[in-house]
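Asker: Quick one: this structure, given as structure tokens, is what I'll be asking you about.
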Amino acid sequence: MKNILLITLLIFTSLSCNQNKGKNSANDNAINSTSIKLYAQKNIFSTIGKFKIFSLTEREGVGNVNILIDPPADVLQKFAPDSTFANSVRAFLIKTDKEIYLVDTGFGRNVFSLMDSLGVTPDMVTSVLITHMHGDHIGGLLIDGKPTFPNAKIVVSAKEFEYWTSKTEMTKLPENRRGNFTVAQKIFDLYGHRVHVQQPAVLALDGNNSYQEFPDGIQMIAAYGHTPGHVMYLVKDGAQQLLIWGDLMHAYEIQTAHPEISVKYDIDPIMASQTRIQVLKYVKAQNIPAIGMHMPSK
């Protein structure tokens with residue numbers, strides 16, 4: 001398709017890896033000193049078999065390293081000498097001949113004008129696939145307090161639904177920090193029976209130390225840590241695959257090289273780091289392109 005720009009997965013292995021073979025790595029959690037680079041190209045994005053995937057980029061800018069948890073000074077000097085890193089906010093639209101999916105909805109600011117530019121209106125969306133219930137991912141689900149997508153089912157993981165509807169979890173926070181719980185619960189209430197709670201698949205090695213193959217379609221996969229029920233979505237058609245990994249990373253350049261570094265937004269930073277390391281190993285082993293909601297376009 002003429003204007004479809006494919007995601008390219010570029011794996012760069014440090015030359016020093018061979019030069020320092022046998023020595024202890026400065027970062028034992030790095031994947032053999034490998035970083036994975038993926039670049040989204042504007043809004044027209046990729047074709048995966050029958051799936052046409054578009055990036056709905058609401059914002060491109062920078063984030064500040066003060067969101068990182070205990071980053072080493074040498075890492076900051078190397079990757080963020082000015083204390084900032086490239087960052088974005090985006091959702092994804094997936095089209096087939098019969099279905100239109102959204103993966104998250106961003107803040108809901110200009111995502112609808114981006115959809116309109118693709119000839120898609122909210123009533124045409126058949127499913128909204130939620131990675132997690134943070135405001136920059138669910139902001140478009142309600143407009144003026146009413147459901148935005150009248151014909152769509154809202155798909156969320158079981159653990160995510162359980163967490164954000166838990167009064168016990170909500171009351172652990174002071175009242176002035178319960179806003180995300182209140183919004184999430186309102187969304188679930190207003191969408192009612194159209195909220196589909198799903199158990200995600202898990203990444204696992206088989207007896208031959210190989211990852212399992214997923215069926216064609218769009219597969220929800222557990223990626224817990226950032227939130228208790230954070231998930232990814234694998235889009236697959238035959239040999240073609242794309243992993244939309246949600247908020248696996250916020251500071252892309254830093255966290256690909258140092259996946260052990262988490263951010264203050266992670267509800268469980270240790271689990272988030274473990275998940276990040278596992279997913280990076282998975283996409284490398286399976287040679288699967290990936291993209292995230294905060295990965296910069298350049």
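The chains in the structure tokens are called A, B, ... from first to last as shown; in each chain the residues are counted from 1, and the ligands are counted from 1 in the order shown.
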Going by DSSP on the backbone, which bits of stretch 131-233 of chain A are strand (DSSP E)? Write them as a PyMOL selection string, please.

Answerer: chain A and resi 142-143+146-147+153-157+195-198+217-222+231-233

Asker: Take the residues from that selection and put them in a file with C-alpha atoms, as a tab-separated table (two decimals), in the first residue's frame.

Answerer:
chain	number	residue	atom	x	y	z
A	142	LEU	CA	-16.06	9.78	28.00
A	143	ILE	CA	-16.97	13.19	26.58
A	146	LYS	CA	-21.06	10.39	28.49
A	147	PRO	CA	-19.73	7.32	26.62
A	153	LYS	CA	-17.23	-3.08	23.57
A	154	ILE	CA	-14.56	-2.00	26.06
A	155	VAL	CA	-11.99	-4.74	26.65
A	156	VAL	CA	-9.95	-4.71	29.86
A	157	SER	CA	-7.94	-7.34	31.72
A	195	VAL	CA	-17.33	-3.81	29.36
A	196	HIS	CA	-15.67	-7.13	28.56
A	197	VAL	CA	-13.34	-8.41	31.29
A	198	GLN	CA	-10.76	-10.80	29.88
A	217	GLY	CA	-5.83	-12.19	15.45
A	218	ILE	CA	-5.37	-9.71	18.30
A	219	GLN	CA	-4.11	-11.37	21.47
A	220	MET	CA	-4.17	-9.75	24.94
A	221	ILE	CA	-0.94	-10.60	26.80
A	222	ALA	CA	-0.19	-9.92	30.47
A	231	VAL	CA	-1.49	-5.70	29.22
A	232	MET	CA	-0.09	-5.66	25.69
A	233	TYR	CA	-1.79	-6.57	22.42

Asker: Just the residues within 12 Å of A:Asn151, please, counting only C-alpha atoms, with nothing from its chain fewer than 5 positions along; format it as a list in words.

Answerer: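 So, after excluding close chain neighbours, the residues are Glu99, Ile100, Tyr101, Thr121, Pro122, Asp123, Met124, Val125, Thr126, Ser127, Val128, Tyr191, His193, Arg194 and Val195 of chain A.
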
Asker: Generate a file of the selected residues that holds N, CA and C atoms, formatted as a tab-separated table (two decimals), in the first residue's frame.

Answerer:
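What ended up in part.tsv:
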chain	number	residue	atom	x	y	z
A	99	GLU	N	-13.97	-4.90	11.01
A	99	GLU	CA	-13.88	-4.37	12.37
A	99	GLU	C	-12.99	-3.13	12.42
A	100	ILE	N	-13.28	-2.28	13.39
A	100	ILE	CA	-12.40	-1.15	13.70
A	100	ILE	C	-12.13	-1.19	15.20
A	101	TYR	N	-10.86	-1.29	15.55
A	101	TYR	CA	-10.44	-1.35	16.94
A	101	TYR	C	-9.67	-0.08	17.29
A	121	THR	N	-15.39	7.61	12.55
A	121	THR	CA	-16.09	8.32	13.61
A	121	THR	C	-16.29	7.38	14.80
A	122	PRO	N	-16.49	7.91	16.00
A	122	PRO	CA	-16.60	7.05	17.18
A	122	PRO	C	-17.65	5.95	17.07
A	123	ASP	N	-18.77	6.21	16.38
A	123	ASP	CA	-19.81	5.19	16.28
A	123	ASP	C	-19.41	4.02	15.39
A	124	MET	N	-18.31	4.18	14.62
A	124	MET	CA	-17.84	3.10	13.76
A	124	MET	C	-16.92	2.13	14.49
A	125	VAL	N	-16.42	2.52	15.66
A	125	VAL	CA	-15.47	1.68	16.41
A	125	VAL	C	-16.22	0.50	17.03
A	126	THR	N	-15.71	-0.71	16.79
A	126	THR	CA	-16.37	-1.91	17.30
A	126	THR	C	-15.79	-2.39	18.63
A	127	SER	N	-14.51	-2.11	18.88
A	127	SER	CA	-13.89	-2.52	20.14
A	127	SER	C	-12.84	-1.49	20.55
A	128	VAL	N	-12.80	-1.19	21.85
A	128	VAL	CA	-11.71	-0.40	22.41
A	128	VAL	C	-10.92	-1.32	23.33
A	191	TYR	N	-20.51	2.30	30.69
A	191	TYR	CA	-20.48	1.36	29.56
A	191	TYR	C	-21.18	0.04	29.91
A	193	HIS	N	-22.81	-3.32	30.38
A	193	HIS	CA	-22.62	-4.66	29.83
A	193	HIS	C	-21.64	-4.70	28.67
A	194	ARG	N	-21.29	-3.52	28.14
A	194	ARG	CA	-20.34	-3.50	27.03
A	194	ARG	C	-18.88	-3.56	27.50
A	195	VAL	N	-18.67	-3.58	28.82
A	195	VAL	CA	-17.33	-3.81	29.36
A	195	VAL	C	-17.07	-5.31	29.37

Asker: Ranking A:Phe214, A:Tyr252, A:Phe181, A:Tyr265 by minimum distance to A:Ala239 and counting only C-alpha atoms, which one comes first?

Answerer: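 Ranking A:Phe214, A:Tyr252, A:Phe181, A:Tyr265 by distance to A:Ala239, first place goes to A:Phe214.
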
Asker: Which parts of stretch 3-251 of chain A does DSSP call helix (DSSP H, G or I) when run on the backbone here, written out as a ChimeraX atom specification?

Answerer: /A:16-19,65-67,73-79,111-117,122-124,135-138,158-164,167-170,175-177,179-194

Asker: So that I can check the surroundings of stretch 135-138 of chain A, please list as a VMD selection string every protein, DNA and RNA residue that reaches within 10 Å of it, counting only C-alpha atoms and ignoring chain neighbours fewer than 2 positions away.

Answerer: chain A and resid 58 89 to 91 103 to 109 128 130 to 133 140 to 142 179 to 180 183 to 184 187 246 to 247 293

Asker: What is the atom CA of A:Asp97-atom CA of A:Val111 distance in Å, reported with one decimal?

Answerer: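 Separation of atom CA of A:Asp97 and atom CA of A:Val111: 21.7 Å.
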
Asker: If you take only C-alpha atoms and a cut-off of 8 Å, which residues of stretch 219-262 of chain A touch stretch 269-282 of chain A, and what are their nearest atom pairs and distances in Å to one decimal, in chain and number order, as a Markdown table?

Answerer:
| residue | atom | partner | partner_atom | distance |
| --- | --- | --- | --- | --- |
| A:Ala223 | CA | A:Thr275 | CA | 5.9 |
| A:Tyr224 | CA | A:Ala272 | CA | 6.4 |
| A:Gly225 | CA | A:Ala272 | CA | 3.9 |
| A:His226 | CA | A:Ala272 | CA | 5.4 |
| A:Leu248 | CA | A:Arg276 | CA | 6.1 |
| A:Met249 | CA | A:Arg276 | CA | 7.6 |
| A:Thr256 | CA | A:Leu280 | CA | 7.9 |
| A:Pro259 | CA | A:Ile277 | CA | 5.8 |
| A:Glu260 | CA | A:Ser273 | CA | 5.0 |
| A:Ile261 | CA | A:Ser273 | CA | 6.6 |
| A:Ser262 | CA | A:Pro269 | CA | 5.5 |

Asker: Just give me the gap between atom CA of A:Thr171 and atom CA of A:Thr227 in Å, one decimal is fine.

Answerer: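 Computing it gives 16.7 Å between the two atoms.
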
Asker: Any idea what the distance is between atom CA of A:Ser297 and atom CA of A:Val235?

Answerer: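 Atom CA of A:Ser297 sits 19.9 Å away from atom CA of A:Val235.
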